[in-house]
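Colleague: What follows is my_file_7.txt, compact mmCIF, C-alpha atoms.
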```txt
# COMPACT_ATOMS: atom_id res chain seq x y z
CA MET T 1 22.79 11.33 0.70
CA LYS T 2 25.87 9.73 -0.76
CA GLN T 3 25.89 7.55 -3.83
CA ARG T 4 25.30 3.96 -2.90
CA ASN T 5 26.97 1.33 -5.05
CA VAL T 6 24.81 -1.76 -4.76
CA LEU T 7 27.76 -4.00 -5.57
CA ASP T 8 29.05 -2.95 -2.14
CA SER T 9 26.68 -4.17 0.57
CA SER T 10 27.81 -1.61 3.14
CA ALA T 11 25.47 1.32 3.73
CA SER T 12 26.64 4.57 5.27
CA SER T 13 25.03 6.04 8.38
CA GLU T 14 24.58 9.27 6.45
CA ASP T 15 22.52 7.42 3.82
CA SER T 16 20.35 5.82 6.51
CA SER T 17 19.71 9.02 8.41
CA ALA T 18 18.88 10.95 5.24
CA SER T 19 16.33 8.38 4.09
CA SER T 20 14.68 8.34 7.51
CA GLU T 21 14.12 12.10 7.30
CA ALA T 22 12.14 11.93 4.05
CA ARG T 23 9.04 9.88 3.39
CA THR T 24 9.83 7.02 1.05
CA GLY T 25 8.10 7.26 -2.33
CA ILE T 26 9.28 4.00 -3.89
CA SER T 27 11.19 1.28 -2.06
CA VAL T 28 12.57 -1.72 -3.94
CA MET T 29 14.18 -4.48 -1.86
CA ASN T 30 15.91 -7.42 -3.57
CA ALA T 31 13.28 -7.46 -6.32
CA THR T 32 13.67 -10.33 -8.77
CA VAL T 33 11.45 -11.01 -11.79
CA THR T 34 11.68 -14.28 -13.71
CA TYR T 35 9.40 -14.82 -16.69
CA ARG T 36 7.72 -18.12 -17.53
CA ASN T 37 10.36 -18.94 -20.13
CA GLY T 38 12.93 -18.95 -17.34
CA HIS T 39 14.54 -15.63 -18.25
CA THR T 40 15.39 -13.50 -15.22
CA ALA T 41 14.94 -9.92 -16.41
CA LEU T 42 15.58 -8.30 -13.03
CA ARG T 43 17.70 -9.70 -10.22
CA ASP T 44 18.05 -8.53 -6.60
CA ALA T 45 17.28 -4.89 -7.43
CA VAL T 46 17.59 -2.48 -4.51
CA PHE T 47 16.90 1.26 -4.35
CA HIS T 48 14.87 3.80 -2.41
CA ILE T 49 13.39 7.08 -3.67
CA PRO T 50 12.01 9.74 -1.31
CA THR T 51 8.94 11.81 -2.08
CA GLY T 52 9.36 15.17 -3.77
CA THR T 53 11.99 13.94 -6.22
CA ILE T 54 12.60 13.26 -9.90
CA THR T 55 14.68 10.15 -10.44
CA ALA T 56 16.19 9.00 -13.73
CA LEU T 57 16.13 5.28 -14.50
CA VAL T 58 19.05 4.77 -16.87
CA GLY T 59 20.17 1.65 -18.73
CA VAL T 60 20.45 0.05 -22.15
CA ASN T 61 17.53 -1.60 -23.93
CA GLY T 62 16.85 -4.94 -22.29
CA SER T 63 18.45 -3.89 -19.01
CA GLY T 64 15.26 -4.41 -16.98
CA LYS T 65 13.78 -0.88 -16.99
CA SER T 66 10.43 -1.93 -18.48
CA THR T 67 10.30 -4.98 -16.22
CA LEU T 68 10.86 -2.77 -13.19
CA PHE T 69 8.01 -0.49 -14.28
CA LYS T 70 5.74 -3.52 -14.74
CA ALA T 71 6.64 -4.72 -11.25
CA ILE T 72 5.85 -1.34 -9.69
CA MET T 73 2.50 -1.34 -11.51
CA GLY T 74 1.72 -4.90 -10.43
CA PHE T 75 1.76 -6.31 -13.97
CA VAL T 76 4.38 -8.96 -13.17
CA ARG T 77 4.87 -11.01 -10.03
CA LEU T 78 8.11 -10.90 -8.08
CA ALA T 79 9.95 -14.20 -7.77
CA LYS T 80 11.39 -12.76 -4.56
CA GLY T 81 11.86 -9.44 -2.85
CA ASP T 82 9.44 -6.63 -2.16
CA ILE T 83 8.29 -3.31 -3.62
CA SER T 84 6.39 -0.68 -1.66
CA VAL T 85 4.89 2.61 -2.83
CA LEU T 86 4.41 5.46 -0.36
CA GLY T 87 4.97 2.99 2.45
CA MET T 88 2.28 0.54 1.35
CA PRO T 89 2.21 -2.64 -0.76
CA VAL T 90 1.90 -2.13 -4.51
CA LYS T 91 -1.62 -3.64 -4.62
CA VAL T 92 -2.86 -1.20 -1.99
CA ALA T 93 -1.28 1.80 -3.74
CA LEU T 94 -2.85 0.75 -7.04
CA ARG T 95 -6.29 0.36 -5.47
CA GLN T 96 -5.97 3.93 -4.21
CA ASN T 97 -5.00 5.15 -7.71
CA LEU T 98 -1.69 6.48 -6.43
CA VAL T 99 0.46 5.16 -9.30
CA ALA T 100 0.12 6.74 -12.76
CA TYR T 101 1.89 5.69 -15.95
CA VAL T 102 2.95 7.66 -19.02
CA PRO T 103 3.67 5.06 -21.77
CA GLN T 104 6.07 4.98 -24.69
CA ALA T 105 4.57 5.93 -28.03
CA GLU T 106 5.07 2.38 -29.31
CA GLU T 107 2.65 1.03 -26.69
CA VAL T 108 -0.32 3.04 -27.99
CA ASP T 109 -2.54 2.33 -31.01
CA TRP T 110 -2.77 5.84 -32.44
CA ASN T 111 -5.30 4.73 -35.06
CA PHE T 112 -7.91 3.99 -32.40
CA PRO T 113 -10.55 6.76 -32.66
CA VAL T 114 -10.62 8.58 -29.33
CA LEU T 115 -10.72 12.24 -28.40
CA VAL T 116 -8.00 13.91 -26.36
CA GLU T 117 -10.41 14.72 -23.52
CA ASP T 118 -11.55 11.08 -23.41
CA VAL T 119 -7.95 9.88 -23.06
CA VAL T 120 -7.46 12.23 -20.12
CA MET T 121 -10.80 11.13 -18.62
CA MET T 122 -9.42 7.57 -18.50
CA GLY T 123 -7.28 8.79 -15.62
CA ARG T 124 -10.49 9.28 -13.62
CA TYR T 125 -11.82 5.73 -14.11
CA GLY T 126 -10.46 4.56 -10.77
CA HIS T 127 -12.36 7.35 -9.02
CA MET T 128 -15.71 6.57 -10.69
CA GLY T 129 -18.38 4.00 -9.98
CA MET T 130 -18.89 0.76 -11.87
CA MET T 131 -20.77 2.49 -14.72
CA ARG T 132 -17.92 4.99 -15.22
CA ILE T 133 -20.23 7.99 -15.46
CA PRO T 134 -18.15 11.16 -14.94
CA ALA T 135 -19.23 13.46 -12.13
CA ARG T 136 -18.51 17.17 -12.00
CA VAL T 137 -15.34 16.56 -10.01
CA ASP T 138 -14.09 14.27 -12.79
CA ARG T 139 -14.78 16.82 -15.51
CA GLU T 140 -13.09 19.52 -13.47
CA ALA T 141 -10.03 17.31 -12.98
CA VAL T 142 -9.80 16.79 -16.75
CA ASP T 143 -10.16 20.53 -17.40
CA THR T 144 -7.42 21.33 -14.90
CA ALA T 145 -5.07 18.66 -16.24
CA LEU T 146 -5.48 19.76 -19.87
CA SER T 147 -4.91 23.38 -18.89
CA ARG T 148 -1.79 22.52 -16.94
CA VAL T 149 -0.14 20.78 -19.89
CA GLY T 150 -1.31 23.45 -22.34
CA MET T 151 -3.62 21.16 -24.33
CA SER T 152 -7.08 22.61 -23.60
CA GLU T 153 -7.60 23.81 -27.17
CA PHE T 154 -6.95 20.29 -28.49
CA ARG T 155 -9.50 18.51 -26.29
CA LYS T 156 -11.86 17.74 -29.20
CA ARG T 157 -9.10 16.49 -31.50
CA GLN T 158 -8.46 12.82 -32.24
CA ILE T 159 -5.38 11.66 -30.34
CA GLY T 160 -3.85 10.24 -33.53
CA GLU T 161 -3.87 13.68 -35.18
CA LEU T 162 -1.44 15.17 -32.68
CA SER T 163 2.32 15.55 -32.89
CA GLY T 164 4.63 13.35 -30.82
CA GLY T 165 5.14 16.01 -28.17
CA GLN T 166 1.43 16.77 -27.93
CA LYS T 167 0.64 13.08 -27.43
CA LYS T 168 3.15 12.95 -24.57
CA ARG T 169 1.48 15.92 -22.91
CA VAL T 170 -1.96 14.31 -23.24
CA PHE T 171 -0.81 11.19 -21.40
CA LEU T 172 0.87 13.34 -18.78
CA ALA T 173 -2.49 15.12 -18.39
CA ARG T 174 -4.10 11.70 -17.89
CA ALA T 175 -1.68 11.06 -15.02
CA LEU T 176 -2.53 14.45 -13.51
CA ALA T 177 -6.28 13.84 -13.82
CA GLN T 178 -5.76 10.55 -12.01
CA ASP T 179 -4.06 12.53 -9.22
CA GLY T 180 -1.23 10.02 -9.21
CA GLN T 181 1.29 10.73 -6.47
CA VAL T 182 3.84 8.40 -8.07
CA ILE T 183 4.26 8.91 -11.82
CA LEU T 184 6.23 6.48 -13.99
CA LEU T 185 7.34 7.97 -17.31
CA ASP T 186 8.67 5.61 -19.98
CA GLU T 187 10.99 7.45 -22.41
CA PRO T 188 8.98 10.71 -22.27
CA PHE T 189 11.42 12.65 -24.47
CA THR T 190 11.63 10.25 -27.41
CA GLY T 191 10.41 11.94 -30.58
CA VAL T 192 9.85 15.38 -29.03
CA ASP T 193 11.60 18.65 -29.85
CA VAL T 194 13.67 20.64 -27.38
CA LYS T 195 10.87 23.15 -26.69
CA THR T 196 8.42 20.39 -25.77
CA GLU T 197 11.07 18.66 -23.69
CA ASP T 198 11.60 21.88 -21.73
CA GLN T 199 7.83 22.21 -21.18
CA ILE T 200 7.61 18.65 -19.86
CA ILE T 201 10.63 19.12 -17.61
CA LYS T 202 9.22 22.36 -16.19
CA LEU T 203 5.97 20.58 -15.31
CA LEU T 204 7.82 17.64 -13.75
CA CYS T 205 9.76 20.06 -11.56
CA GLU T 206 6.50 21.68 -10.44
CA LEU T 207 5.08 18.27 -9.56
CA ARG T 208 8.23 17.43 -7.63
CA ASP T 209 7.86 20.63 -5.62
CA GLU T 210 4.30 19.50 -4.80
CA GLY T 211 5.78 16.39 -3.19
CA ARG T 212 5.11 13.86 -5.95
CA VAL T 213 7.51 11.15 -7.07
CA MET T 214 8.61 10.83 -10.70
CA LEU T 215 10.61 7.88 -12.00
CA VAL T 216 11.75 8.66 -15.55
CA SER T 217 13.11 5.95 -17.83
CA THR T 218 15.34 7.69 -20.35
CA HIS T 219 18.16 7.35 -22.85
CA ASN T 220 18.57 11.11 -22.90
CA LEU T 221 21.81 11.23 -20.93
CA GLY T 222 22.50 14.90 -21.57
CA SER T 223 19.37 16.15 -19.83
CA VAL T 224 19.52 13.89 -16.76
CA PRO T 225 21.84 16.17 -14.73
CA GLU T 226 19.68 19.17 -15.58
CA PHE T 227 16.47 18.08 -13.86
CA CYS T 228 16.87 14.71 -12.12
CA ASP T 229 17.68 14.92 -8.42
CA ARG T 230 18.57 11.23 -8.26
CA THR T 231 19.60 8.48 -10.63
CA VAL T 232 19.17 4.70 -10.67
CA LEU T 233 21.61 2.88 -12.97
CA ILE T 234 20.38 -0.53 -14.05
CA ASN T 235 21.67 -3.48 -16.04
CA SER T 236 19.68 -6.57 -15.03
CA THR T 237 20.20 -5.37 -11.46
CA VAL T 238 20.63 -1.96 -9.87
CA LEU T 239 24.32 -1.13 -10.13
CA ALA T 240 24.17 2.19 -8.30
CA TYR T 241 21.64 4.73 -7.06
CA GLY T 242 21.73 8.03 -5.22
CA LEU T 243 22.07 11.74 -5.85
CA THR T 244 22.75 12.39 -9.52
CA GLY T 245 25.91 14.35 -8.78
CA ASP T 246 27.38 11.33 -6.97
CA THR T 247 25.97 8.52 -9.11
CA PHE T 248 26.13 9.84 -12.67
CA THR T 249 29.88 9.36 -13.11
CA GLN T 250 32.01 8.11 -15.97
CA GLU T 251 32.91 4.93 -14.06
CA ASN T 252 29.29 4.07 -13.30
CA LEU T 253 28.09 4.85 -16.83
CA GLU T 254 30.78 2.64 -18.34
CA LYS T 255 29.72 -0.13 -15.97
CA THR T 256 26.04 0.37 -16.81
CA PHE T 257 26.33 0.55 -20.58
CA GLY T 258 29.18 -1.92 -21.00
CA GLY T 259 30.73 -0.34 -24.08
CA VAL T 260 27.44 0.47 -25.82
CA LEU T 261 27.95 4.22 -25.49
CA ARG T 262 30.05 6.19 -27.95
CA HIS T 263 32.85 7.79 -25.95
CA PHE T 264 34.82 10.80 -27.19
CA VAL T 265 37.55 12.66 -25.32
CA LEU T 266 37.97 16.32 -26.20
CA ASN T 267 41.34 17.87 -25.34
CA GLU T 268 42.15 21.56 -25.29
CA THR T 269 45.24 23.50 -24.25
CA HIS T 270 44.54 26.76 -22.44
CA GLU T 271 47.31 28.91 -20.98
CA GLY T 272 49.68 26.01 -21.16
CA LYS T 273 47.35 23.60 -19.35
CA LEU T 274 45.77 20.57 -21.01
CA THR T 275 42.10 20.15 -20.15
CA SER T 276 39.82 17.37 -21.34
CA ALA T 277 36.15 16.50 -21.35
CA SER T 278 34.50 13.16 -22.03
CA VAL T 279 31.41 12.96 -24.22
CA PHE T 280 29.09 9.96 -23.86
CA SER T 281 26.22 9.36 -26.25
CA ASP T 282 23.84 6.64 -27.38
CA ASP T 283 21.44 9.16 -28.93
CA GLU T 284 21.22 12.73 -30.17
CA ARG T 285 21.62 14.31 -26.71
CA PRO T 286 25.12 13.57 -25.37
CA LEU T 287 26.38 13.85 -21.81
CA VAL T 288 29.54 15.88 -21.19
CA LEU T 289 31.73 14.95 -18.24
CA SER T 290 34.69 16.90 -16.95
CA GLY T 291 37.06 15.12 -14.63
CA GLY T 292 34.75 12.13 -14.34
CA LYS T 293 31.94 14.22 -12.84
CA VAL T 294 28.78 15.62 -14.35
CA LYS T 295 29.18 19.05 -15.90
CA SER T 296 26.06 20.58 -14.35
CA ILE T 297 23.34 19.55 -11.93
CA VAL T 298 19.68 20.59 -11.86
CA SER T 299 19.58 24.10 -13.30
CA LYS T 300 17.80 26.85 -11.37
CA GLU T 301 16.08 27.98 -14.57
CA ARG T 302 14.17 24.70 -14.85
CA THR T 303 13.49 23.98 -11.22
CA GLY T 304 13.04 27.39 -9.69
CA SER T 305 15.08 26.29 -6.67
CA GLN T 306 18.14 24.24 -5.86
CA LYS T 307 17.80 21.12 -3.73
```
Output the file's structure as structure tokens, nothing else.

Modeller:
Amino acid sequence: MKQRNVLDSSASSEDSSASSEARTGISVMNATVTYRNGHTALRDAVFHIPTGTITALVGVNGSGKSTLFKAIMGFVRLAKGDISVLGMPVKVALRQNLVAYVPQAEEVDWNFPVLVEDVVMMGRYGHMGMMRIPARVDREAVDTALSRVGMSEFRKRQIGELSGGQKKRVFLARALAQDGQVILLDEPFTGVDVKTEDQIIKLLCELRDEGRVMLVSTHNLGSVPEFCDRTVLINSTVLAYGLTGDTFTQENLEKTFGGVLRHFVLNETHEGKLTSASVFSDDERPLVLSGGKVKSIVSKERTGSQK
């Protein structure tokens, strides 16, 4: 699949044939969201994500990332356009518990007294009856999810007692217990150390290989080429989307961030030849570009296989 620049309405036959071969995980067609105060936070957004992929959603604060997540979860109504999940309307996918959400830390009241295992059990609510009495299958799902994220020994701890990285893993376990086939992750690497980030990325790659869809909102530019198969660049609308190697370019990043990024050019002379690399950063994890292209794409160490 080639990069598709949404500012250019032409679509290649290669792009069309590739998308027809893979089942669509998330499809967004001309999605527009206008809030009651008249502010249009998202305008004519278009992109398609196949199943079995990890896609980065990249843009500055206020670019429409959170609004897009809310639209996919049915929290805001579209003024126009359409969003489908796994080939079905959002409402249907939500009723079938197919969409799971891993929130930002700022969205959670960490002082609320609740045990880790109870947070994960919340992912099973959609599978329970009206009284929300867990059955054996629900308890087994929680056990499996906690084990998979390495948090079994913390199940009786209060959620507020955990570190930032541990909290992230608990909410990822909640998504696993829900058995969400589409997982939306809002800034999952904020406030976590490199070791925890690697653990989360390894799990996301395993879930991708199981055929799930992950859409990851992130400012962590440096790690995007390492584990994200595809990238959606957004600034009030979708500026470009496609394979990360084609989409995550200096030109597109400059267009997306509009001068917000710090840009450094490193020059070095080797054997009489001048070489340069561009460094882009809006946080502690910069992205290094050489010749306008990403330095590395999806490492074998993290994914186990190249796609």

Colleague: As an exercise, work out the distance from CA of Asp229 in chain T to CA of Gly74 in chain T in Å and give it to one decimal place.

Modeller: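 A separation of 25.5 Å between them.
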
Colleague: Select, from T:Ala173, T:Met131, T:Gly164, T:Arg124, the residue with the minimum atom-to-atom distance to Thr144 in chain T, counting all atoms listed in the file.

Modeller: T:Ala173

Colleague: Would you mind listing what lies within 12 Å of Leu207 in chain T as a ChimeraX atom specification, with all atoms listed in the file counted and same-chain residues fewer than 6 positions away left out?

Modeller: /T:51-54,148-149,172,175-176,179-183,200-201,213-214,303

Colleague: Write to file, as a PDB file, in the frame of the given file, the residues of the selection just made, with C-alpha atoms.

Modeller:
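The new file again-v9.pdb reads:
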```
ATOM      1  CA  THR T  51       8.940  11.810  -2.080  1.00  0.00           C
ATOM      2  CA  GLY T  52       9.360  15.170  -3.770  1.00  0.00           C
ATOM      3  CA  THR T  53      11.990  13.940  -6.220  1.00  0.00           C
ATOM      4  CA  ILE T  54      12.600  13.260  -9.900  1.00  0.00           C
ATOM      5  CA  ARG T 148      -1.790  22.520 -16.940  1.00  0.00           C
ATOM      6  CA  VAL T 149      -0.140  20.780 -19.890  1.00  0.00           C
ATOM      7  CA  LEU T 172       0.870  13.340 -18.780  1.00  0.00           C
ATOM      8  CA  ALA T 175      -1.680  11.060 -15.020  1.00  0.00           C
ATOM      9  CA  LEU T 176      -2.530  14.450 -13.510  1.00  0.00           C
ATOM     10  CA  ASP T 179      -4.060  12.530  -9.220  1.00  0.00           C
ATOM     11  CA  GLY T 180      -1.230  10.020  -9.210  1.00  0.00           C
ATOM     12  CA  GLN T 181       1.290  10.730  -6.470  1.00  0.00           C
ATOM     13  CA  VAL T 182       3.840   8.400  -8.070  1.00  0.00           C
ATOM     14  CA  ILE T 183       4.260   8.910 -11.820  1.00  0.00           C
ATOM     15  CA  ILE T 200       7.610  18.650 -19.860  1.00  0.00           C
ATOM     16  CA  ILE T 201      10.630  19.120 -17.610  1.00  0.00           C
ATOM     17  CA  VAL T 213       7.510  11.150  -7.070  1.00  0.00           C
ATOM     18  CA  MET T 214       8.610  10.830 -10.700  1.00  0.00           C
ATOM     19  CA  THR T 303      13.490  23.980 -11.220  1.00  0.00           C
TER      20      THR T 303
END
```

Colleague: Please report as CSV every residue of range 195-263 of chain T lying within 9 Å of range 28-44 of chain T, along with the nearest atom pair and their distance in Å (one decimal), using all atoms listed in the file.

Modeller:
```
residue,atom,partner,partner_atom,distance
T:Asn235,CA,T:Leu42,CA,8.3
T:Ser236,CA,T:Leu42,CA,4.9
T:Thr237,CA,T:Arg43,CA,5.2
T:Val238,CA,T:Asp44,CA,7.8
```

Colleague: Using all atoms listed in the file, pick whichever of T:Arg23, T:Lys70, T:His219, T:Arg155 has the shortest atom-to-atom distance to Ala100 in chain T.

Modeller: T:Lys70
